[in-house]
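Quick look at start.cif (mmCIF, C-alpha atoms):
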```
data_model
#
loop_
_atom_site.label_atom_id
_atom_site.label_comp_id
_atom_site.auth_asym_id
_atom_site.auth_seq_id
_atom_site.Cartn_x
_atom_site.Cartn_y
_atom_site.Cartn_z
CA MET O 1 -3.83 27.33 -14.40
CA PRO O 2 -5.50 23.94 -14.92
CA ILE O 3 -6.01 21.70 -11.92
CA MET O 4 -3.06 19.29 -11.72
CA ILE O 5 -3.80 15.62 -11.18
CA TYR O 6 -1.22 13.08 -9.99
CA LEU O 7 -1.83 9.85 -11.92
CA ALA O 8 -0.73 7.01 -9.65
CA GLY O 9 -0.86 3.37 -10.66
CA PRO O 10 1.01 0.27 -11.72
CA ASP O 11 0.73 1.47 -15.33
CA VAL O 12 4.43 2.31 -14.96
CA PHE O 13 5.15 -1.43 -15.10
CA LEU O 14 3.40 -2.00 -18.44
CA PRO O 15 5.66 -2.78 -21.41
CA ASN O 16 4.07 0.25 -23.12
CA ALA O 17 4.12 2.40 -19.97
CA ILE O 18 5.19 5.60 -21.71
CA GLU O 19 2.44 5.26 -24.32
CA VAL O 20 -0.18 4.59 -21.62
CA GLY O 21 1.07 7.55 -19.60
CA ARG O 22 0.78 9.83 -22.64
CA GLN O 23 -2.71 8.49 -23.35
CA LYS O 24 -3.88 9.18 -19.80
CA MET O 25 -2.32 12.65 -19.80
CA ALA O 26 -4.09 13.39 -23.11
CA ILE O 27 -7.40 12.29 -21.57
CA CYS O 28 -6.73 14.64 -18.64
CA GLN O 29 -6.36 17.49 -21.14
CA GLU O 30 -9.67 16.53 -22.77
CA PHE O 31 -11.28 17.01 -19.35
CA GLY O 32 -9.48 20.34 -18.79
CA PHE O 33 -6.91 18.97 -16.31
CA GLU O 34 -3.14 18.60 -16.40
CA GLY O 35 -1.93 15.08 -15.64
CA LEU O 36 1.27 14.37 -13.74
CA PHE O 37 2.58 10.87 -14.34
CA PRO O 38 5.05 9.08 -12.04
CA VAL O 39 8.50 8.93 -13.51
CA ASP O 40 9.57 5.36 -12.83
CA ASN O 41 9.95 4.40 -16.45
CA ASP O 42 11.28 7.61 -17.91
CA LEU O 43 14.37 7.15 -15.77
CA GLY O 44 14.95 3.58 -16.97
CA VAL O 45 16.22 0.59 -15.03
CA GLU O 46 19.63 2.16 -14.45
CA ALA O 47 18.07 4.99 -12.46
CA ASP O 48 18.60 5.18 -8.76
CA ALA O 49 15.62 4.04 -6.67
CA ALA O 50 16.15 7.04 -4.38
CA ALA O 51 16.02 9.44 -7.35
CA ILE O 52 12.75 7.93 -8.57
CA PHE O 53 11.33 8.20 -5.05
CA ARG O 54 12.27 11.87 -4.74
CA ALA O 55 10.92 12.68 -8.20
CA ASN O 56 7.56 11.02 -7.44
CA CYS O 57 7.27 12.87 -4.11
CA ALA O 58 8.03 16.16 -5.87
CA GLN O 59 5.33 15.41 -8.48
CA MET O 60 2.84 14.63 -5.71
CA LYS O 61 3.57 17.91 -3.95
CA ARG O 62 2.80 19.80 -7.19
CA ALA O 63 -0.58 18.05 -7.57
CA ASP O 64 -3.97 19.45 -6.57
CA VAL O 65 -5.77 16.10 -6.78
CA GLY O 66 -4.73 12.41 -6.82
CA VAL O 67 -6.29 9.87 -9.18
CA PHE O 68 -5.27 6.30 -8.41
CA ASN O 69 -5.38 3.14 -10.52
CA LEU O 70 -6.48 0.70 -7.79
CA SER O 71 -6.81 -2.36 -10.05
CA PRO O 72 -5.61 -5.45 -8.16
CA PHE O 73 -1.90 -6.02 -8.73
CA ARG O 74 -0.05 -9.29 -7.94
CA GLY O 75 -2.65 -10.10 -5.28
CA PRO O 76 -6.14 -9.08 -4.16
CA SER O 77 -5.19 -5.45 -3.36
CA ALA O 78 -3.94 -2.45 -5.30
CA ASP O 79 -0.24 -2.00 -6.10
CA ALA O 80 1.88 -1.23 -3.02
CA GLY O 81 3.59 1.85 -4.49
CA THR O 82 0.21 3.24 -5.52
CA VAL O 83 -1.22 2.70 -2.04
CA PHE O 84 1.80 4.40 -0.45
CA GLU O 85 1.13 7.43 -2.64
CA LEU O 86 -2.56 7.39 -1.68
CA GLY O 87 -1.61 7.61 1.99
CA PHE O 88 0.87 10.36 1.20
CA LEU O 89 -1.55 12.56 -0.77
CA PHE O 90 -4.47 11.95 1.61
CA SER O 91 -2.24 13.04 4.47
CA GLN O 92 -1.40 16.20 2.48
CA ASN O 93 -5.15 16.99 2.45
CA ARG O 94 -5.53 16.46 -1.29
CA PRO O 95 -8.83 15.10 -2.61
CA VAL O 96 -8.15 11.52 -3.76
CA TYR O 97 -10.08 9.45 -6.31
CA GLY O 98 -9.73 5.88 -7.50
CA TYR O 99 -10.57 3.74 -10.50
CA SER O 100 -10.32 0.02 -10.99
CA ASN O 101 -11.13 -2.77 -13.41
CA ALA O 102 -12.32 -4.98 -10.50
CA PRO O 103 -15.73 -3.93 -9.17
CA GLY O 104 -16.17 -6.95 -6.85
CA SER O 105 -15.65 -6.67 -3.09
CA TYR O 106 -12.22 -7.49 -1.66
CA ILE O 107 -13.31 -10.75 -0.04
CA THR O 108 -14.30 -12.22 -3.42
CA ARG O 109 -10.62 -12.02 -4.47
CA VAL O 110 -9.19 -13.81 -1.41
CA PRO O 111 -9.46 -17.61 -1.39
CA THR O 112 -11.43 -18.18 1.81
CA ALA O 113 -11.75 -21.25 3.99
CA GLY O 114 -15.22 -22.68 3.29
CA PRO O 115 -18.02 -20.84 1.48
CA LEU O 116 -17.92 -17.06 1.01
CA PRO O 117 -19.33 -15.49 4.20
CA LYS O 118 -22.23 -13.06 4.02
CA ARG O 119 -21.44 -9.37 4.35
CA GLY O 120 -20.61 -8.51 7.94
CA GLU O 121 -19.91 -12.14 8.86
CA ARG O 122 -16.37 -13.03 9.76
CA GLY O 123 -14.29 -14.13 6.76
CA VAL O 124 -11.15 -16.23 7.17
CA ASP O 125 -8.59 -17.04 4.48
CA ARG O 126 -6.85 -20.39 4.00
CA ASP O 127 -4.08 -19.38 6.41
CA GLY O 128 -6.61 -18.64 9.16
CA LEU O 129 -6.20 -14.86 8.81
CA ALA O 130 -9.28 -12.63 8.97
CA VAL O 131 -10.48 -11.13 5.69
CA GLU O 132 -12.16 -7.72 5.79
CA ASN O 133 -15.81 -8.18 4.94
CA PHE O 134 -17.38 -4.73 4.78
CA GLY O 135 -18.44 -5.06 1.14
CA LEU O 136 -15.60 -2.70 0.18
CA THR O 137 -13.49 -3.20 -2.93
CA ASP O 138 -10.16 -3.10 -1.08
CA ASN O 139 -8.63 -2.59 2.36
CA LEU O 140 -10.78 -0.17 4.36
CA MET O 141 -7.94 2.35 4.79
CA ILE O 142 -7.89 2.80 0.99
CA VAL O 143 -11.63 3.08 0.43
CA GLU O 144 -12.40 5.18 3.51
CA ALA O 145 -9.58 7.64 2.81
CA ILE O 146 -11.07 8.29 -0.61
CA ARG O 147 -14.52 8.80 0.91
CA ALA O 148 -13.18 11.01 3.70
CA SER O 149 -11.47 13.28 1.16
CA GLY O 150 -14.75 13.70 -0.73
CA GLY O 151 -13.57 11.43 -3.55
CA ALA O 152 -15.04 8.32 -5.14
CA ILE O 153 -13.96 5.15 -6.93
CA ALA O 154 -15.07 4.51 -10.53
CA PHE O 155 -15.26 1.01 -11.93
CA ALA O 156 -15.37 -0.39 -15.41
CA PRO O 157 -14.60 -3.96 -16.27
CA ARG O 158 -11.67 -4.34 -18.63
CA GLU O 159 -12.56 -4.74 -22.25
CA GLY O 160 -10.79 -5.80 -25.41
CA ASN O 161 -7.04 -6.08 -25.65
CA ALA O 162 -5.94 -2.48 -25.97
CA PHE O 163 -2.91 -3.03 -23.74
CA ALA O 164 -0.28 -5.73 -23.67
CA SER O 165 -1.63 -6.68 -20.26
CA PRO O 166 -5.42 -6.91 -20.21
CA ALA O 167 -5.17 -6.97 -16.41
CA LEU O 168 -4.31 -3.28 -16.49
CA GLU O 169 -6.80 -2.19 -19.13
CA THR O 170 -8.34 0.73 -17.29
CA ILE O 171 -9.14 3.49 -19.78
CA PRO O 172 -12.96 3.21 -19.42
CA ALA O 173 -12.74 3.36 -15.61
CA PHE O 174 -10.20 6.18 -15.84
CA ARG O 175 -12.56 8.25 -18.00
CA ALA O 176 -15.45 7.56 -15.62
CA CYS O 177 -13.29 8.74 -12.72
CA LEU O 178 -12.23 11.98 -14.46
CA GLU O 179 -15.89 12.70 -15.20
CA ILE O 180 -16.57 12.55 -11.44
CA VAL O 181 -13.59 14.80 -10.73
CA ARG O 182 -14.79 17.28 -13.37
CA GLN O 183 -18.21 17.51 -11.76
CA ARG O 184 -16.60 18.54 -8.49
CA PHE O 185 -13.98 20.98 -9.72
CA HIS O 186 -15.29 22.57 -12.91
CA MET Z 1 6.41 11.29 28.28
CA PRO Z 2 7.67 8.19 26.48
CA ILE Z 3 8.02 8.32 22.70
CA MET Z 4 4.82 6.95 21.16
CA ILE Z 5 5.13 4.40 18.37
CA TYR Z 6 2.33 3.53 15.96
CA LEU Z 7 2.47 -0.24 15.37
CA ALA Z 8 1.15 -0.85 11.87
CA GLY Z 9 0.80 -4.29 10.34
CA PRO Z 10 -1.46 -7.11 9.26
CA ASP Z 11 -1.20 -8.51 12.79
CA VAL Z 12 -4.76 -7.19 13.19
CA PHE Z 13 -5.92 -10.06 10.96
CA LEU Z 14 -4.40 -12.81 13.11
CA PRO Z 15 -6.86 -15.02 15.00
CA ASN Z 16 -5.00 -13.98 18.17
CA ALA Z 17 -4.66 -10.34 17.11
CA ILE Z 18 -5.41 -8.88 20.53
CA GLU Z 19 -2.83 -11.13 22.22
CA VAL Z 20 -0.20 -10.22 19.60
CA GLY Z 21 -1.01 -6.54 19.98
CA ARG Z 22 -0.58 -6.76 23.74
CA GLN Z 23 2.69 -8.64 23.30
CA LYS Z 24 4.08 -6.00 20.94
CA MET Z 25 2.95 -3.17 23.21
CA ALA Z 26 4.66 -4.92 26.16
CA ILE Z 27 7.88 -5.17 24.13
CA CYS Z 28 7.60 -1.43 23.40
CA GLN Z 29 7.47 -0.80 27.15
CA GLU Z 30 10.58 -2.95 27.66
CA PHE Z 31 12.37 -0.61 25.25
CA GLY Z 32 11.01 2.51 27.01
CA PHE Z 33 8.39 3.34 24.34
CA GLU Z 34 4.62 3.46 24.34
CA GLY Z 35 3.04 1.38 21.57
CA LEU Z 36 -0.15 2.43 19.78
CA PHE Z 37 -1.89 -0.48 18.08
CA PRO Z 38 -4.45 -0.10 15.27
CA VAL Z 39 -7.95 -0.75 16.46
CA ASP Z 40 -9.40 -2.93 13.71
CA ASN Z 41 -10.03 -5.90 15.92
CA ASP Z 42 -11.04 -4.21 19.13
CA LEU Z 43 -14.06 -2.85 17.32
CA GLY Z 44 -15.09 -6.27 16.02
CA VAL Z 45 -16.63 -7.19 12.67
CA GLU Z 46 -19.80 -5.22 13.34
CA ALA Z 47 -17.85 -1.97 13.56
CA ASP Z 48 -18.21 0.58 10.84
CA ALA Z 49 -15.30 0.70 8.36
CA ALA Z 50 -15.38 4.50 8.52
CA ALA Z 51 -15.10 4.44 12.34
CA ILE Z 52 -12.07 2.12 12.18
CA PHE Z 53 -10.48 4.39 9.58
CA ARG Z 54 -10.97 7.51 11.69
CA ALA Z 55 -9.69 5.76 14.83
CA ASN Z 56 -6.52 4.60 13.05
CA CYS Z 57 -5.88 8.09 11.63
CA ALA Z 58 -6.32 9.56 15.12
CA GLN Z 59 -3.82 7.03 16.53
CA MET Z 60 -1.33 7.90 13.80
CA LYS Z 61 -1.59 11.60 14.56
CA ARG Z 62 -0.74 10.90 18.21
CA ALA Z 63 2.38 8.92 17.27
CA ASP Z 64 5.95 10.23 17.22
CA VAL Z 65 7.33 7.32 15.20
CA GLY Z 66 5.87 4.60 12.94
CA VAL Z 67 7.02 0.97 13.09
CA PHE Z 68 5.63 -1.14 10.25
CA ASN Z 69 5.28 -4.89 9.87
CA LEU Z 70 6.19 -5.16 6.17
CA SER Z 71 6.04 -8.97 5.97
CA PRO Z 72 4.58 -10.01 2.60
CA PHE Z 73 0.80 -10.37 2.84
CA ARG Z 74 -1.37 -12.13 0.22
CA GLY Z 75 1.21 -11.39 -2.44
CA PRO Z 76 4.84 -10.29 -2.83
CA SER Z 77 4.36 -6.91 -1.08
CA ALA Z 78 3.40 -5.69 2.37
CA ASP Z 79 -0.26 -5.43 3.43
CA ALA Z 80 -2.13 -2.63 1.63
CA GLY Z 81 -3.53 -1.01 4.79
CA THR Z 82 -0.06 -1.00 6.32
CA VAL Z 83 1.44 0.63 3.22
CA PHE Z 84 -1.30 3.29 3.22
CA GLU Z 85 -0.35 4.14 6.80
CA LEU Z 86 3.34 4.27 5.87
CA GLY Z 87 2.57 6.88 3.21
CA PHE Z 88 0.41 8.79 5.69
CA LEU Z 89 2.99 8.93 8.49
CA PHE Z 90 5.91 9.62 6.15
CA SER Z 91 3.95 12.53 4.71
CA GLN Z 92 3.40 13.79 8.29
CA ASN Z 93 7.22 13.92 8.66
CA ARG Z 94 7.37 11.12 11.21
CA PRO Z 95 10.43 8.83 11.21
CA VAL Z 96 9.29 5.45 9.85
CA TYR Z 97 10.85 2.03 10.43
CA GLY Z 98 10.04 -1.42 9.11
CA TYR Z 99 10.48 -5.05 10.03
CA SER Z 100 9.76 -8.18 8.07
CA ASN Z 101 10.13 -11.93 8.12
CA ALA Z 102 11.18 -11.92 4.42
CA PRO Z 103 14.75 -10.68 3.92
CA GLY Z 104 14.93 -11.55 0.20
CA SER Z 105 14.60 -8.90 -2.51
CA TYR Z 106 11.16 -8.21 -3.99
CA ILE Z 107 11.93 -9.80 -7.35
CA THR Z 108 12.60 -13.19 -5.72
CA ARG Z 109 8.93 -13.27 -4.63
CA VAL Z 110 7.43 -12.54 -8.06
CA PRO Z 111 7.24 -15.45 -10.50
CA THR Z 112 9.27 -14.09 -13.42
CA ALA Z 113 9.32 -15.08 -17.08
CA GLY Z 114 12.54 -17.04 -17.58
CA PRO Z 115 15.46 -17.12 -15.13
CA LEU Z 116 15.79 -14.52 -12.38
CA PRO Z 117 17.53 -11.46 -13.89
CA LYS Z 118 20.69 -10.05 -12.33
CA ARG Z 119 20.34 -6.94 -10.21
CA GLY Z 120 19.78 -3.89 -12.41
CA GLU Z 121 18.70 -6.01 -15.38
CA ARG Z 122 15.12 -5.70 -16.52
CA GLY Z 123 12.80 -8.19 -14.80
CA VAL Z 124 9.45 -9.16 -16.30
CA ASP Z 125 6.70 -11.19 -14.63
CA ARG Z 126 4.56 -13.86 -16.32
CA ASP Z 127 2.02 -11.23 -17.41
CA GLY Z 128 4.73 -9.21 -19.17
CA LEU Z 129 4.77 -6.50 -16.48
CA ALA Z 130 8.08 -5.05 -15.32
CA VAL Z 131 9.32 -6.13 -11.89
CA GLU Z 132 11.39 -3.66 -9.89
CA ASN Z 133 14.93 -4.98 -9.68
CA PHE Z 134 16.87 -2.63 -7.44
CA GLY Z 135 17.75 -5.31 -4.88
CA LEU Z 136 15.16 -3.78 -2.53
CA THR Z 137 12.89 -5.89 -0.33
CA ASP Z 138 9.66 -4.25 -1.56
CA ASN Z 139 8.35 -1.49 -3.84
CA LEU Z 140 10.85 1.37 -3.93
CA MET Z 141 8.36 3.90 -2.55
CA ILE Z 142 8.20 1.85 0.67
CA VAL Z 143 11.91 1.26 1.12
CA GLU Z 144 13.05 4.73 0.05
CA ALA Z 145 10.52 6.50 2.27
CA ILE Z 146 11.94 4.64 5.26
CA ARG Z 147 15.48 5.59 4.26
CA ALA Z 148 14.53 9.21 3.57
CA SER Z 149 13.00 9.53 7.04
CA GLY Z 150 16.22 8.27 8.63
CA GLY Z 151 14.66 4.88 9.41
CA ALA Z 152 15.69 1.33 8.61
CA ILE Z 153 14.17 -2.11 8.03
CA ALA Z 154 15.03 -5.00 10.35
CA PHE Z 155 14.76 -8.59 9.21
CA ALA Z 156 14.56 -11.88 11.00
CA PRO Z 157 13.32 -15.07 9.44
CA ARG Z 158 10.26 -16.49 11.14
CA GLU Z 159 10.97 -19.19 13.66
CA GLY Z 160 8.98 -21.79 15.53
CA ASN Z 161 5.22 -21.73 15.71
CA ALA Z 162 4.54 -19.04 18.25
CA PHE Z 163 1.56 -17.71 16.32
CA ALA Z 164 -1.36 -19.42 14.67
CA SER Z 165 -0.01 -18.15 11.37
CA PRO Z 166 3.73 -18.74 11.02
CA ALA Z 167 3.63 -16.36 8.05
CA LEU Z 168 3.19 -13.47 10.49
CA GLU Z 169 5.69 -14.60 13.11
CA THR Z 170 7.63 -11.38 13.46
CA ILE Z 171 8.64 -10.94 17.11
CA PRO Z 172 12.42 -11.38 16.49
CA ALA Z 173 12.37 -8.83 13.65
CA PHE Z 174 10.17 -6.52 15.72
CA ARG Z 175 12.66 -6.59 18.60
CA ALA Z 176 15.55 -5.94 16.20
CA CYS Z 177 13.68 -2.96 14.81
CA LEU Z 178 12.94 -1.46 18.24
CA GLU Z 179 16.62 -1.80 19.11
CA ILE Z 180 17.44 0.38 16.08
CA VAL Z 181 14.77 2.91 17.09
CA ARG Z 182 16.14 2.99 20.64
CA GLN Z 183 19.65 3.77 19.40
CA ARG Z 184 18.30 6.83 17.60
CA PHE Z 185 15.94 8.22 20.21
CA HIS Z 186 17.30 7.27 23.63
#
```
Can I see the file as structure tokens?
Amino acid sequence: MPIMIYLAGPDVFLPNAIEVGRQKMAICQEFGFEGLFPVDNDLGVEADAAAIFRANCAQMKRADVGVFNLSPFRGPSADAGTVFELGFLFSQNRPVYGYSNAPGSYITRVPTAGPLPKRGERGVDRDGLAVENFGLTDNLMIVEAIRASGGAIAFAPREGNAFASPALETIPAFRACLEIVRQRFH
Amino acid sequence: MPIMIYLAGPDVFLPNAIEVGRQKMAICQEFGFEGLFPVDNDLGVEADAAAIFRANCAQMKRADVGVFNLSPFRGPSADAGTVFELGFLFSQNRPVYGYSNAPGSYITRVPTAGPLPKRGERGVDRDGLAVENFGLTDNLMIVEAIRASGGAIAFAPREGNAFASPALETIPAFRACLEIVRQRFH
């Protein structure tokens, strides 16, 4: 039985989501894994939100490992549904890994009041709210969960125009992540 | 022993985070609960991200119920750390509840291409990415997890200027949420 990997990410919102899902599952096979893709798009817009939720939870429970597309989505952090699933799988004691097209630290993506503070100095956004400044690429709960599970985050800047949305061009980072997973499990 | 409630939310980033935490814990007591607040701010900016992560996970494991401030944070969705914790506690079979100062559906907070689609019709943002359009207030994984656990989300628009950041003024919604929790558990 190959190791089964849950492939979380906002890829499901791409106009060519099914194609991207197939591509990522094929890459999993190349690496000797079986990819499990969330079902949001297969069910279409008429599907019941509750049915999609249950199907994704069932897929997660089948998985041995979680691999998460943490590319920033509609803000400085990863997609909310993806982060929910990270918390879910971490809590189920699965090793979790991430990949992203944004290697910079979180604070560089939040418009701050005044100049960018040095690492460890207090950062404040334009609404007066504190900005985490640990040099991490996203909220500490995300990054530290991945570390605590023995996982890692792979980065590769987006390149070319392979997808309709360059913002979600993540194949190079995805491959780099699977290479790390392979070193641990094969 | 009172029921212990983990109080997740971006409140930890408020300039008066400790005061807000104390206020929400006092409201928990009013309702006969014990509130557990995340520790991000108590540890200060010099604290280790890994230590904060471990402390928050330990608090979550002590909790009987999770109550989540899902107010939109730096984008159309809830705060990423909060959503991670929602996935974690849901996966631990705890009943989870939400409250928010934004009662509108998710799609109303995402700038869409063209006019706002009707419920159930396909929504697309300005980058060509699909926007969930189930009439839910956030990503379906968030809302459906709360429903599946038997929880609910309470809304109250922000009012006045009680906090430094009006965007996180959530006391009325928080009280409404605790009232729902009390009806279930007391």
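With the shown file loaded, the PyMOL selection byres ((chain O) within 6 of (chain Z)) picks out Phe13, Leu14, Ala50, Phe53, Gly75, Gly81, Val83, Phe84, Gly87, Phe88, Ser91, Leu129, Ala130, Asn139, Met141 and Glu144 of chain O.
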Output file for the selection above: C-alpha atoms, as a PDB file, keeping the file's coordinate frame:
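Now in part13.pdb:
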```pdb
ATOM      1  CA  PHE O  13       5.150  -1.430 -15.100  1.00  0.00           C
ATOM      2  CA  LEU O  14       3.400  -2.000 -18.440  1.00  0.00           C
ATOM      3  CA  ALA O  50      16.150   7.040  -4.380  1.00  0.00           C
ATOM      4  CA  PHE O  53      11.330   8.200  -5.050  1.00  0.00           C
ATOM      5  CA  GLY O  75      -2.650 -10.100  -5.280  1.00  0.00           C
ATOM      6  CA  GLY O  81       3.590   1.850  -4.490  1.00  0.00           C
ATOM      7  CA  VAL O  83      -1.220   2.700  -2.040  1.00  0.00           C
ATOM      8  CA  PHE O  84       1.800   4.400  -0.450  1.00  0.00           C
ATOM      9  CA  GLY O  87      -1.610   7.610   1.990  1.00  0.00           C
ATOM     10  CA  PHE O  88       0.870  10.360   1.200  1.00  0.00           C
ATOM     11  CA  SER O  91      -2.240  13.040   4.470  1.00  0.00           C
ATOM     12  CA  LEU O 129      -6.200 -14.860   8.810  1.00  0.00           C
ATOM     13  CA  ALA O 130      -9.280 -12.630   8.970  1.00  0.00           C
ATOM     14  CA  ASN O 139      -8.630  -2.590   2.360  1.00  0.00           C
ATOM     15  CA  MET O 141      -7.940   2.350   4.790  1.00  0.00           C
ATOM     16  CA  GLU O 144     -12.400   5.180   3.510  1.00  0.00           C
TER      17      GLU O 144
END
```
**Message:** Once the PyMOL selection byres ((chain Z and resi 172) around 12) is applied to the coordinates I shared, what remains selected? I want it as a list in words.
**Reply:**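 With the shown file as input, the PyMOL selection byres ((chain Z and resi 172) around 12) matches Lys24, Ile27, Asn69, Tyr99, Ser100, Asn101, Ala154, Phe155, Ala156, Pro157, Arg158, Glu159, Gly160, Ala162, Leu168, Glu169, Thr170, Ile171, Ala173, Phe174, Arg175, Ala176, Cys177, Leu178 and Glu179 of chain Z.
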**Request:** Could you state which residues are captured by the PyMOL selection byres ((chain Z and resi 31) around 10) in this file, as a ChimeraX atom specification?
**Result:** /Z:25-30,32-34,175,178-179,181-182,186
**Prompt:** When you draw a straight line from atom CA of Val96 of chain O to atom CA of Phe68 of chain O, how long is it in Å?
**Reply:** 7.6 Å
**Prompt:** What separation in Å, quoted to one decimal, exists between atom CA of Gln59 of chain O and atom CA of Arg94 of chain O?
**Reply:** 13.1 Å
**Asked** Ile5 of chain Z: which residues within 9 Å, counting only C-alpha atoms, same-chain residues fewer than 2 positions away excluded, as a list in words?
**Response**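 These residues fall inside the cut-off: Ile3, Leu7, Cys28, Phe33, Glu34, Gly35, Leu36, Phe37, Met60, Arg62, Ala63, Asp64, Val65, Gly66 and Val67 of chain Z.
For the pair atom CA of Thr108 of chain Z and atom CA of Pro72 of chain Z, the interatomic distance is 12.0 Å.
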**Message:** Calculated over all atoms listed in the file, which of the candidates O:Tyr106, O:Asn93, O:Ile180, O:Lys118 has the smallest distance to Ser149 of chain O?
**Reply:** O:Asn93
**Message:** Restricting the calculation to all atoms listed in the file: of Z:Gly104, Z:Pro95, Z:Gly9, Z:Gly150, which residue gets closest to Leu70 of chain Z?
**Reply:**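 Closest to Leu70 of chain Z, using all atoms listed in the file: Z:Gly9.
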